[in-house]
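What follows is the content of entry35.txt, which has compact mmCIF, C-alpha atoms and all ligand atoms:
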```txt
# COMPACT_ATOMS: atom_id res chain seq x y z
CA MET U 1 -14.51 124.41 49.44
CA PRO U 2 -13.70 127.78 51.05
CA VAL U 3 -15.09 130.84 49.30
CA ILE U 4 -13.33 134.08 50.21
CA PRO U 5 -15.90 136.48 51.77
CA ARG U 6 -16.29 139.71 49.79
CA SER U 7 -15.75 141.64 53.02
CA ALA U 8 -12.32 140.03 53.68
CA ILE U 9 -9.34 142.42 53.55
CA GLY U 10 -7.23 141.43 50.53
CA ALA U 11 -3.46 141.43 50.00
CA ARG U 12 -0.91 141.49 47.22
CA PHE U 13 2.80 140.84 46.70
CA ILE U 14 4.95 143.96 47.11
CA GLY U 15 8.41 142.34 47.12
CA TRP U 16 10.02 138.95 46.58
CA GLY U 17 13.38 137.24 46.50
CA THR U 18 15.01 133.84 46.12
CA ALA U 19 18.18 132.10 47.29
CA LEU U 20 20.04 129.07 45.98
CA PRO U 21 23.27 127.70 47.48
CA GLU U 22 26.39 128.34 45.39
CA LYS U 23 27.41 124.70 45.17
CA VAL U 24 25.97 122.98 42.10
CA VAL U 25 25.84 119.18 41.75
CA THR U 26 25.23 117.89 38.21
CA ASN U 27 23.69 114.57 37.21
CA GLU U 28 27.09 113.67 35.79
CA GLU U 29 28.67 114.12 39.23
CA LEU U 30 25.99 111.95 40.87
CA SER U 31 26.64 109.22 38.30
CA LYS U 32 30.23 109.00 39.58
CA THR U 33 29.10 108.01 43.07
CA MET U 34 26.01 105.90 42.38
CA ASP U 35 24.56 103.59 39.75
CA THR U 36 22.75 106.14 37.59
CA THR U 37 23.31 108.24 34.46
CA ASP U 38 22.71 111.82 33.38
CA GLU U 39 20.48 110.51 30.59
CA TRP U 40 18.29 108.44 32.94
CA ILE U 41 17.77 111.33 35.38
CA ARG U 42 16.95 113.83 32.61
CA GLU U 43 14.54 111.49 30.87
CA ARG U 44 12.74 110.26 33.98
CA THR U 45 12.63 113.52 35.94
CA GLY U 46 13.72 116.53 33.82
CA ILE U 47 16.36 117.43 36.43
CA GLU U 48 19.85 118.36 35.15
CA ARG U 49 21.53 119.86 38.21
CA ARG U 50 20.70 121.02 41.73
CA HIS U 51 22.05 123.44 44.34
CA ILE U 52 23.25 122.05 47.66
CA GLY U 53 24.29 123.79 50.90
CA GLY U 54 23.45 126.27 53.62
CA THR U 55 20.99 126.02 56.46
CA THR U 56 17.26 126.67 56.39
CA ALA U 57 17.78 129.87 58.40
CA SER U 58 20.65 131.20 56.25
CA LEU U 59 18.81 130.64 52.96
CA SER U 60 15.61 132.14 54.43
CA ILE U 61 17.45 135.23 55.62
CA GLU U 62 18.95 135.68 52.14
CA SER U 63 15.65 135.40 50.26
CA GLY U 64 13.75 137.33 52.96
CA ARG U 65 16.24 140.21 52.86
CA LYS U 66 15.85 140.48 49.06
CA ALA U 67 12.05 140.51 49.38
CA ILE U 68 12.15 143.27 52.02
CA GLN U 69 14.62 145.30 49.95
CA MET U 70 12.50 145.01 46.83
CA ALA U 71 9.40 146.07 48.79
CA GLY U 72 11.42 149.06 50.06
CA ILE U 73 9.94 148.78 53.54
CA ASP U 74 11.22 149.02 57.09
CA PRO U 75 11.58 145.45 58.48
CA LEU U 76 9.95 146.74 61.67
CA SER U 77 6.73 147.30 59.71
CA ILE U 78 6.29 143.56 59.13
CA ASP U 79 3.58 142.14 61.39
CA ALA U 80 4.30 138.41 61.07
CA LEU U 81 6.74 135.92 59.58
CA VAL U 82 5.39 132.60 58.30
CA LEU U 83 8.17 130.16 57.35
CA SER U 84 7.29 127.00 55.47
CA THR U 85 9.87 124.27 55.94
CA THR U 86 10.02 120.53 56.38
CA THR U 87 13.74 120.70 57.23
CA PRO U 88 14.03 122.93 60.33
CA ASP U 89 17.54 123.62 61.62
CA ARG U 90 16.57 122.50 65.13
CA THR U 91 13.66 120.58 66.63
CA VAL U 92 13.21 123.50 69.05
CA PRO U 93 12.83 126.42 68.53
CA ALA U 94 11.08 126.91 65.19
CA THR U 95 13.56 128.05 62.51
CA SER U 96 11.42 131.16 61.97
CA ALA U 97 12.78 132.47 65.31
CA ALA U 98 16.34 132.57 63.93
CA VAL U 99 15.09 134.08 60.66
CA GLN U 100 13.08 136.76 62.50
CA HIS U 101 16.21 137.74 64.44
CA GLY U 102 18.48 137.57 61.38
CA LEU U 103 16.21 139.92 59.42
CA GLY U 104 15.80 142.38 62.29
CA LEU U 105 12.03 141.83 62.51
CA ARG U 106 10.04 142.46 65.69
CA CYS U 107 6.92 140.42 65.10
CA GLY U 108 5.36 137.04 65.65
CA ALA U 109 7.06 134.21 63.78
CA PHE U 110 6.14 130.57 63.27
CA ASP U 111 6.91 127.57 61.06
CA VAL U 112 4.45 125.74 58.84
CA ASN U 113 5.24 122.16 57.80
CA ALA U 114 3.12 120.69 55.02
CA ALA U 115 6.12 119.24 53.12
CA CYS U 116 6.23 120.30 49.46
CA SER U 117 2.75 121.86 49.63
CA GLY U 118 4.02 124.12 52.41
CA PHE U 119 4.57 127.37 50.54
CA VAL U 120 0.96 127.50 49.39
CA TYR U 121 -0.21 126.67 52.93
CA ALA U 122 2.00 129.50 54.27
CA LEU U 123 0.92 131.97 51.59
CA VAL U 124 -2.78 131.39 52.21
CA THR U 125 -2.15 131.59 55.98
CA GLY U 126 -0.43 134.95 55.40
CA HIS U 127 -3.48 136.19 53.50
CA GLY U 128 -5.62 134.97 56.42
CA LEU U 129 -3.54 137.02 58.89
CA ILE U 130 -4.07 140.09 56.73
CA ALA U 131 -7.80 139.38 56.57
CA MET U 132 -7.64 139.42 60.39
CA GLY U 133 -6.10 142.89 60.53
CA MET U 134 -2.36 142.60 59.92
CA LYS U 135 -0.85 144.99 57.36
CA ARG U 136 2.29 143.20 56.15
CA VAL U 137 3.33 139.57 56.34
CA LEU U 138 6.59 137.97 55.21
CA VAL U 139 6.04 134.48 53.80
CA ILE U 140 9.10 132.30 53.17
CA GLY U 141 9.44 128.78 51.77
CA THR U 142 12.80 127.13 52.41
CA ASP U 143 14.12 123.60 52.46
CA THR U 144 17.52 121.99 52.83
CA LEU U 145 16.54 118.48 51.81
CA SER U 146 20.18 117.59 51.08
CA ARG U 147 20.61 117.28 54.85
CA ILE U 148 18.02 114.48 55.09
CA THR U 149 18.93 112.72 51.84
CA ASP U 150 20.85 109.43 51.73
CA TRP U 151 23.49 110.26 49.12
CA THR U 152 23.99 106.56 48.35
CA ASP U 153 20.30 105.99 47.48
CA ARG U 154 19.71 106.59 43.76
CA ASN U 155 15.96 106.43 44.35
CA THR U 156 15.96 109.75 46.23
CA ALA U 157 19.39 111.42 45.85
CA ILE U 158 18.73 112.32 42.21
CA LEU U 159 15.63 114.33 43.16
CA PHE U 160 16.12 116.45 46.27
CA ALA U 161 17.98 119.72 46.84
CA ASP U 162 18.08 123.06 48.66
CA GLY U 163 16.67 126.56 48.08
CA SER U 164 14.46 129.36 49.32
CA GLY U 165 11.85 131.85 48.08
CA ALA U 166 10.24 134.73 49.98
CA ALA U 167 7.48 137.28 49.46
CA VAL U 168 6.15 140.27 51.36
CA ILE U 169 2.39 140.60 51.09
CA GLU U 170 0.57 143.79 52.07
CA ALA U 171 -3.05 144.68 52.82
CA VAL U 172 -4.88 146.48 49.99
CA THR U 173 -8.16 148.35 49.79
CA GLY U 174 -9.62 146.26 46.95
CA PRO U 175 -10.23 142.50 46.79
CA GLY U 176 -6.51 141.65 46.54
CA GLN U 177 -4.76 138.93 44.59
CA LEU U 178 -6.07 135.71 46.16
CA MET U 179 -9.10 134.54 44.19
CA GLY U 180 -9.48 130.94 45.34
CA TRP U 181 -7.57 128.32 47.29
CA ASP U 182 -7.61 124.74 48.54
CA PHE U 183 -5.79 122.67 51.17
CA ASP U 184 -5.85 118.88 51.26
CA ALA U 185 -4.17 116.04 53.17
CA ASP U 186 -4.47 112.26 53.42
CA GLY U 187 -2.46 111.05 56.40
CA SER U 188 -3.16 107.40 55.55
CA LEU U 189 -0.43 107.81 52.86
CA GLU U 190 2.28 108.79 55.35
CA GLU U 191 4.44 105.74 54.62
CA LEU U 192 4.88 106.69 50.94
CA LEU U 193 7.39 109.42 51.79
CA TYR U 194 8.89 110.01 55.21
CA ALA U 195 12.04 110.61 57.25
CA GLU U 196 12.30 109.70 60.92
CA ILE U 197 13.71 112.42 63.22
CA GLY U 198 17.46 112.37 62.57
CA GLY U 199 17.00 110.00 59.63
CA THR U 200 16.89 110.20 55.84
CA LEU U 201 14.08 110.20 53.28
CA HIS U 202 12.36 106.94 52.29
CA MET U 203 10.10 106.99 49.27
CA ASP U 204 7.86 104.74 47.21
CA GLY U 205 8.50 106.76 44.05
CA LYS U 206 6.04 104.99 41.76
CA GLU U 207 3.14 105.33 44.15
CA VAL U 208 3.99 108.95 44.99
CA PHE U 209 4.01 109.66 41.25
CA ARG U 210 0.61 108.06 40.72
CA ARG U 211 -1.02 109.81 43.69
CA ALA U 212 0.67 113.16 42.97
CA VAL U 213 -0.97 113.57 39.60
CA ARG U 214 -4.39 112.79 41.03
CA ILE U 215 -4.18 115.09 44.07
CA MET U 216 -2.67 117.98 42.11
CA VAL U 217 -5.48 117.87 39.59
CA ASP U 218 -8.11 117.55 42.31
CA SER U 219 -6.74 120.49 44.29
CA ALA U 220 -6.28 122.68 41.21
CA GLU U 221 -9.87 122.02 40.14
CA LYS U 222 -11.15 123.05 43.59
CA SER U 223 -9.18 126.33 43.49
CA LEU U 224 -10.37 127.06 39.97
CA LYS U 225 -13.96 126.50 41.05
CA ALA U 226 -13.52 128.70 44.14
CA SER U 227 -12.07 131.49 41.99
CA GLY U 228 -14.85 131.22 39.39
CA LEU U 229 -12.36 130.55 36.59
CA THR U 230 -11.96 127.77 34.06
CA ALA U 231 -8.64 126.14 33.21
CA ASN U 232 -8.37 128.00 29.92
CA GLU U 233 -8.53 131.34 31.77
CA ILE U 234 -5.27 130.48 33.56
CA ASP U 235 -2.27 132.33 32.09
CA LEU U 236 0.45 130.54 34.04
CA VAL U 237 0.58 127.37 36.15
CA VAL U 238 3.28 127.21 38.80
CA PRO U 239 3.40 123.55 39.85
CA HIS U 240 5.54 121.93 42.53
CA GLN U 241 8.87 121.16 40.86
CA ALA U 242 9.22 117.43 41.58
CA ASN U 243 9.30 115.71 38.20
CA VAL U 244 8.49 117.15 34.79
CA ARG U 245 6.54 114.00 33.91
CA ILE U 246 4.21 114.56 36.90
CA ILE U 247 3.64 118.13 35.71
CA GLU U 248 2.96 116.95 32.14
CA ALA U 249 0.45 114.35 33.31
CA ALA U 250 -1.35 116.81 35.60
CA CYS U 251 -1.51 119.55 32.95
CA LYS U 252 -2.85 117.10 30.41
CA ARG U 253 -5.69 116.18 32.74
CA LEU U 254 -6.37 119.86 33.48
CA ASP U 255 -6.25 120.59 29.76
CA ILE U 256 -3.60 123.27 30.23
CA PRO U 257 -0.73 123.32 27.69
CA MET U 258 2.83 122.86 28.95
CA SER U 259 3.70 126.22 27.35
CA LYS U 260 1.75 127.81 30.20
CA THR U 261 3.82 126.21 32.98
CA ALA U 262 6.70 127.67 34.98
CA ILE U 263 9.51 125.10 35.20
CA VAL U 264 12.87 125.51 36.95
CA LEU U 265 13.45 121.95 38.13
CA GLN U 266 16.14 121.33 35.52
CA GLU U 267 18.24 123.80 37.53
CA THR U 268 16.95 123.29 41.08
CA GLY U 269 15.74 119.70 41.53
CA ASN U 270 12.99 119.27 44.11
CA THR U 271 13.43 121.96 46.77
CA SER U 272 10.14 121.24 48.54
CA SER U 273 8.84 124.46 50.19
CA ALA U 274 11.04 126.60 47.92
CA SER U 275 9.98 125.05 44.65
CA ILE U 276 6.83 127.08 43.90
CA PRO U 277 8.31 130.50 44.82
CA LEU U 278 11.51 129.69 42.88
CA ALA U 279 9.46 128.88 39.76
CA LEU U 280 7.01 131.77 40.23
CA PHE U 281 9.63 134.48 40.70
CA ASP U 282 11.74 133.08 37.86
CA ALA U 283 8.70 133.41 35.57
CA VAL U 284 8.14 136.98 36.80
CA ALA U 285 11.84 137.83 36.24
CA ASN U 286 11.52 136.51 32.69
CA SER U 287 8.44 138.67 31.99
CA ARG U 288 6.15 135.68 31.70
CA VAL U 289 3.60 137.28 34.06
CA LYS U 290 1.87 140.61 33.52
CA SER U 291 -0.61 142.64 35.58
CA GLY U 292 -4.01 140.98 35.72
CA ASP U 293 -2.76 137.51 34.73
CA ASN U 294 -4.38 134.56 36.47
CA VAL U 295 -1.69 132.38 38.05
CA LEU U 296 -2.42 128.92 39.44
CA LEU U 297 -0.03 127.69 42.15
CA VAL U 298 -0.35 123.97 42.85
CA GLY U 299 1.70 121.80 45.16
CA PHE U 300 1.70 118.27 46.56
CA GLY U 301 3.97 116.51 48.97
CA ALA U 302 4.62 114.07 51.79
CA GLY U 303 1.68 113.46 54.06
CA MET U 304 0.35 113.28 51.47
CA THR U 305 -0.65 116.91 51.28
CA ALA U 306 -1.83 119.09 48.42
CA ALA U 307 -2.53 122.81 48.18
CA SER U 308 -3.38 125.26 45.45
CA ALA U 309 -4.22 128.91 45.00
CA VAL U 310 -5.33 131.16 42.14
CA ILE U 311 -3.67 134.58 42.23
CA LYS U 312 -4.51 137.60 40.07
CA TRP U 313 -1.08 139.12 39.51
CA ASN U 314 -0.60 142.68 40.78
CA GLN U 315 -4.24 143.02 41.80
CA SER U 316 -4.90 145.53 44.57
N1 LIG X 401 19.16 105.71 37.83
C1 LIG X 401 19.10 104.68 36.96
N2 LIG X 401 18.14 103.73 37.02
C2 LIG X 401 17.22 103.84 38.01
C3 LIG X 401 17.26 104.89 38.95
C4 LIG X 401 18.28 105.84 38.83
N3 LIG X 401 18.39 106.88 39.66
N4 LIG X 401 16.22 104.74 39.79
C5 LIG X 401 15.56 103.63 39.41
N5 LIG X 401 16.17 103.09 38.33
C6 LIG X 401 15.78 101.89 37.56
C7 LIG X 401 14.92 100.96 38.37
O1 LIG X 401 15.70 100.06 39.11
C8 LIG X 401 14.14 100.28 37.28
O2 LIG X 401 14.93 99.27 36.69
P1 LIG X 401 14.28 97.90 36.17
O3 LIG X 401 13.31 98.30 35.09
O4 LIG X 401 15.45 97.14 35.70
O5 LIG X 401 13.59 97.32 37.37
C9 LIG X 401 13.94 101.37 36.23
O6 LIG X 401 14.99 102.31 36.47
C10 LIG X 401 12.61 102.06 36.32
O7 LIG X 401 12.38 102.40 37.68
P2 LIG X 401 11.07 103.08 38.15
O8 LIG X 401 11.08 103.19 39.64
O9 LIG X 401 9.91 102.43 37.47
O10 LIG X 401 11.26 104.53 37.51
P3 LIG X 401 10.24 105.69 37.40
O11 LIG X 401 10.03 106.03 35.99
O12 LIG X 401 9.03 105.48 38.26
O13 LIG X 401 11.06 106.90 38.02
C11 LIG X 401 11.14 108.24 40.00
C12 LIG X 401 11.45 106.88 39.38
C13 LIG X 401 11.52 108.20 41.47
C14 LIG X 401 11.96 109.28 39.27
C15 LIG X 401 9.61 108.53 39.79
O14 LIG X 401 8.86 107.44 40.24
C16 LIG X 401 9.17 109.76 40.54
O15 LIG X 401 9.57 110.87 40.25
N6 LIG X 401 8.24 109.59 41.52
C17 LIG X 401 7.73 110.71 42.28
C18 LIG X 401 8.75 111.12 43.31
C19 LIG X 401 8.47 112.47 43.87
O16 LIG X 401 8.02 113.35 43.20
N7 LIG X 401 8.78 112.64 45.17
C20 LIG X 401 8.64 113.89 45.82
C21 LIG X 401 7.25 114.16 46.15
S1 LIG X 401 7.08 115.77 46.81
```

Could you render the structure as C-alpha cells?
Amino acid sequence: MPVIPRSAIGARFIGWGTALPEKVVTNEELSKTMDTTDEWIRERTGIERRHIGGTTASLSIESGRKAIQMAGIDPLSIDALVLSTTTPDRTVPATSAAVQHGLGLRCGAFDVNAACSGFVYALVTGHGLIAMGMKRVLVIGTDTLSRITDWTDRNTAILFADGSGAAVIEAVTGPGQLMGWDFDADGSLEELLYAEIGGTLHMDGKEVFRRAVRIMVDSAEKSLKASGLTANEIDLVVPHQANVRIIEAACKRLDIPMSKTAIVLQETGNTSSASIPLALFDAVANSRVKSGDNVLLVGFGAGMTAASAVIKWNQS
C-alpha cells in the first residue's frame, strides 16, 4: 500500500468541466428495438437514459476547455495532459494528441487505459507528475462506449454510453488534496469483459457484478487505510457509475450510507472513464461538497481493474 511521502509536492483541483452528447436515448426507446423494458432496466441497474454521440477527442476538448476556463489560466501554462480512455478515436496516435492540439496546449500528452478505473489512475498519475516538479496538469476522463456497443445485445446496450469529465490540478505549498490511493488489477479476469480491436463489448454481467463489489470494497479499504481515515469520516463517496445495485452492495459492506454517495447513472448510464468525474462535479455543482470534506473516489472495470483515492476537497 503506497503511503504518500510527507515531502511530496501536493496538488489540488483549480478548475473542472464536463461534457455529455446532446442526443439522449431513453430506456423506452431501447425497448422498441430490443427485448427489454424501461421497468427492467431501472430496477436492475438504476439507469433511465443515456447520452450518445461525439468522438473521444471532441468530448475531451469540450470538458477540457471548460476546466481551463474555470481555472482562468493560460493553456500554455499546462505542463502535461493525461487522458483516460478505453475508446480511443484511432489506434495510433493516442487521442490525447488530438486533444492537446484542439485545446491549444504545448505540453506532453498521453493516454491511460485502465477501463472504467481509468480516471482515478489518470488523476493519481497527474498528482505524481506534480510531485516530480510539474506545476499544472490537465486530467481528462472520456469514453464513447456507444461506438463499441452491439445495439442489438440487451445484455450490454442498456448499460453503456458516452461522456467526459476534466480537471486542472495545480501544485500547492501544503500537503495538497490527495490523502491516500490504491491501484489494483487482475488480468486473469480479462474474459469477463472485453472487446476485440474493431469489435464490440462482450460481458459476463453476473460475474462482473459479483467481482465488482468485492474489488471496490477492497480498493476503498486500502485507500482509507493509506489516508488514515475510517469509513465514517468520509463525507461523500463517488463510485464508478455502472449499476446502482453494485454501489448499494459495496456501500453496505463499507458501512457507508447511500445518502453519502454521488449518483448520476440514471442520467448518464455507464460512461467508463467519464463516470467518476461526471458524478463528482455534479455533486460539487449541487453543493454537496464543501471545503475540507473527505471524498472517496472508487472505480472498477474491465481487466479487471480497480482504483480508489481519498481527496480532501479544496485542500492546499
Ligand atoms: N431486459 C430484460 N430482461 C433481461 C435483460 C434486459 N436487458 N437482460 C437480461 N434479462 C433477463 C435474463 O435473460 C434473465 O431472464 P431469466 O430469469 O428468464 O433467465 C433475467 O433477466 C435476469 O438476468 P440476470 O443476468 O440474472 O440479471 P442481473 O440482475 O444480473 O442483471 C446486469 C444483469 C447486466 C444488469 C447485471 O448483471 C450487471 O449490472 N452486471 C455488472 C455489469 C457491469 O457493471 N459492467 C460494467 C463493468 S465496468

Å distance separating atom CA of U:Ile140 from atom CA of U:Ile61, one decimal place
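Computing the Euclidean distance for atom CA of U:Ile140 and atom CA of U:Ile61 yields 9.2 Å.
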
Given 7 Å and all atoms listed in the file, residues near ligand LIG 401 (chain X) as a ChimeraX atom specification:
/U:35-37,40-41,44-45,116,154-156,158,205-206,208-209,242-243,272,300-302

Might I get the box with edges along x, y and z of the file that holds all atoms of stretch 76-93 of chain U listed there, padded by 6 Å on every side, given as centre and edge lengths in Å to one decimal, as AutoDock Vina command-line options?
```
--center_x 10.6 --center_y 133.9 --center_z 62.3 --size_x 26.0 --size_y 38.8 --size_z 25.6
```

If we count only C-alpha atoms and set the cut-off at 6 Å, which residues sit around U:Leu76, ignoring sequence neighbours fewer than 2 positions away in its own chain? Please answer as a list in words.
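Counting only C-alpha atoms, the residues come to Asp74, Ile78, Leu105 and Arg106 of chain U.
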
Quote the spacing between atom CA of U:Val298 and atom CA of U:Ala231 in Å to one decimal place.
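It comes out at 12.9 Å.
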
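Of the residues under consideration (U:Gly10, U:Gly64, U:Pro5, U:Gly53), U:Gly64 shows the shortest atom-to-atom contact distance to U:Ala167 when counting all atoms listed in the file.
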
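Of note, atom CA of U:Pro93 and atom CA of U:Ala115 are spaced 18.3 Å apart.
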
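In terms of minimum interatomic distance to U:Ile73, U:Gly15 ranks closest within U:Gly15, U:Gly126, U:Pro239, U:Gly46, counting only C-alpha atoms.
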
Nearest to U:Thr85 by atom-to-atom distance, counting all atoms listed in the file, from U:Ala8, U:Leu145, U:Met134, U:Leu30
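The shortest atom-to-atom distance to U:Thr85 comes from U:Leu145.
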
So that I can check the surroundings of U:Leu20, please list as a ChimeraX atom specification every protein, DNA and RNA residue that reaches within 8 Å of it, counting all atoms listed in the file and ignoring chain neighbours fewer than 6 positions away.
/U:51-52,59,162-164

Which residue, U:Val137, U:Ala122, U:Ala131, U:Val3, has the smallest gap to U:Ser77 when you use only C-alpha atoms?
U:Val137

Within 10 Å of U:Gln177 using only C-alpha atoms, minus same-chain residues under 3 positions, as a VMD selection string
chain U and resid 10 to 13 127 169 172 174 180 292 294 to 295 310 to 316

List the spatial neighbours of U:Asn27 as a list in words - criterion: any atom at most 6 Å away, all atoms listed in the file, same-chain residues fewer than 2 positions off excluded.
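Near U:Asn27, the qualifying residues are Glu29, Leu30, Asp38, Glu48 and Arg49 of chain U.
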
Export C-alpha atoms of the chosen residues as a PDB file, keeping the file's coordinate frame?
```pdb
ATOM      1  CA  GLU U  29      28.670 114.120  39.230  1.00  0.00           C
ATOM      2  CA  LEU U  30      25.990 111.950  40.870  1.00  0.00           C
ATOM      3  CA  ASP U  38      22.710 111.820  33.380  1.00  0.00           C
ATOM      4  CA  GLU U  48      19.850 118.360  35.150  1.00  0.00           C
ATOM      5  CA  ARG U  49      21.530 119.860  38.210  1.00  0.00           C
TER       6      ARG U  49
END
```

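Among U:Ala157, U:Leu103, U:Ala212, U:Leu83, the residue with the shortest atom-to-atom distance to U:Leu189, counting all atoms listed in the file, is U:Ala212.
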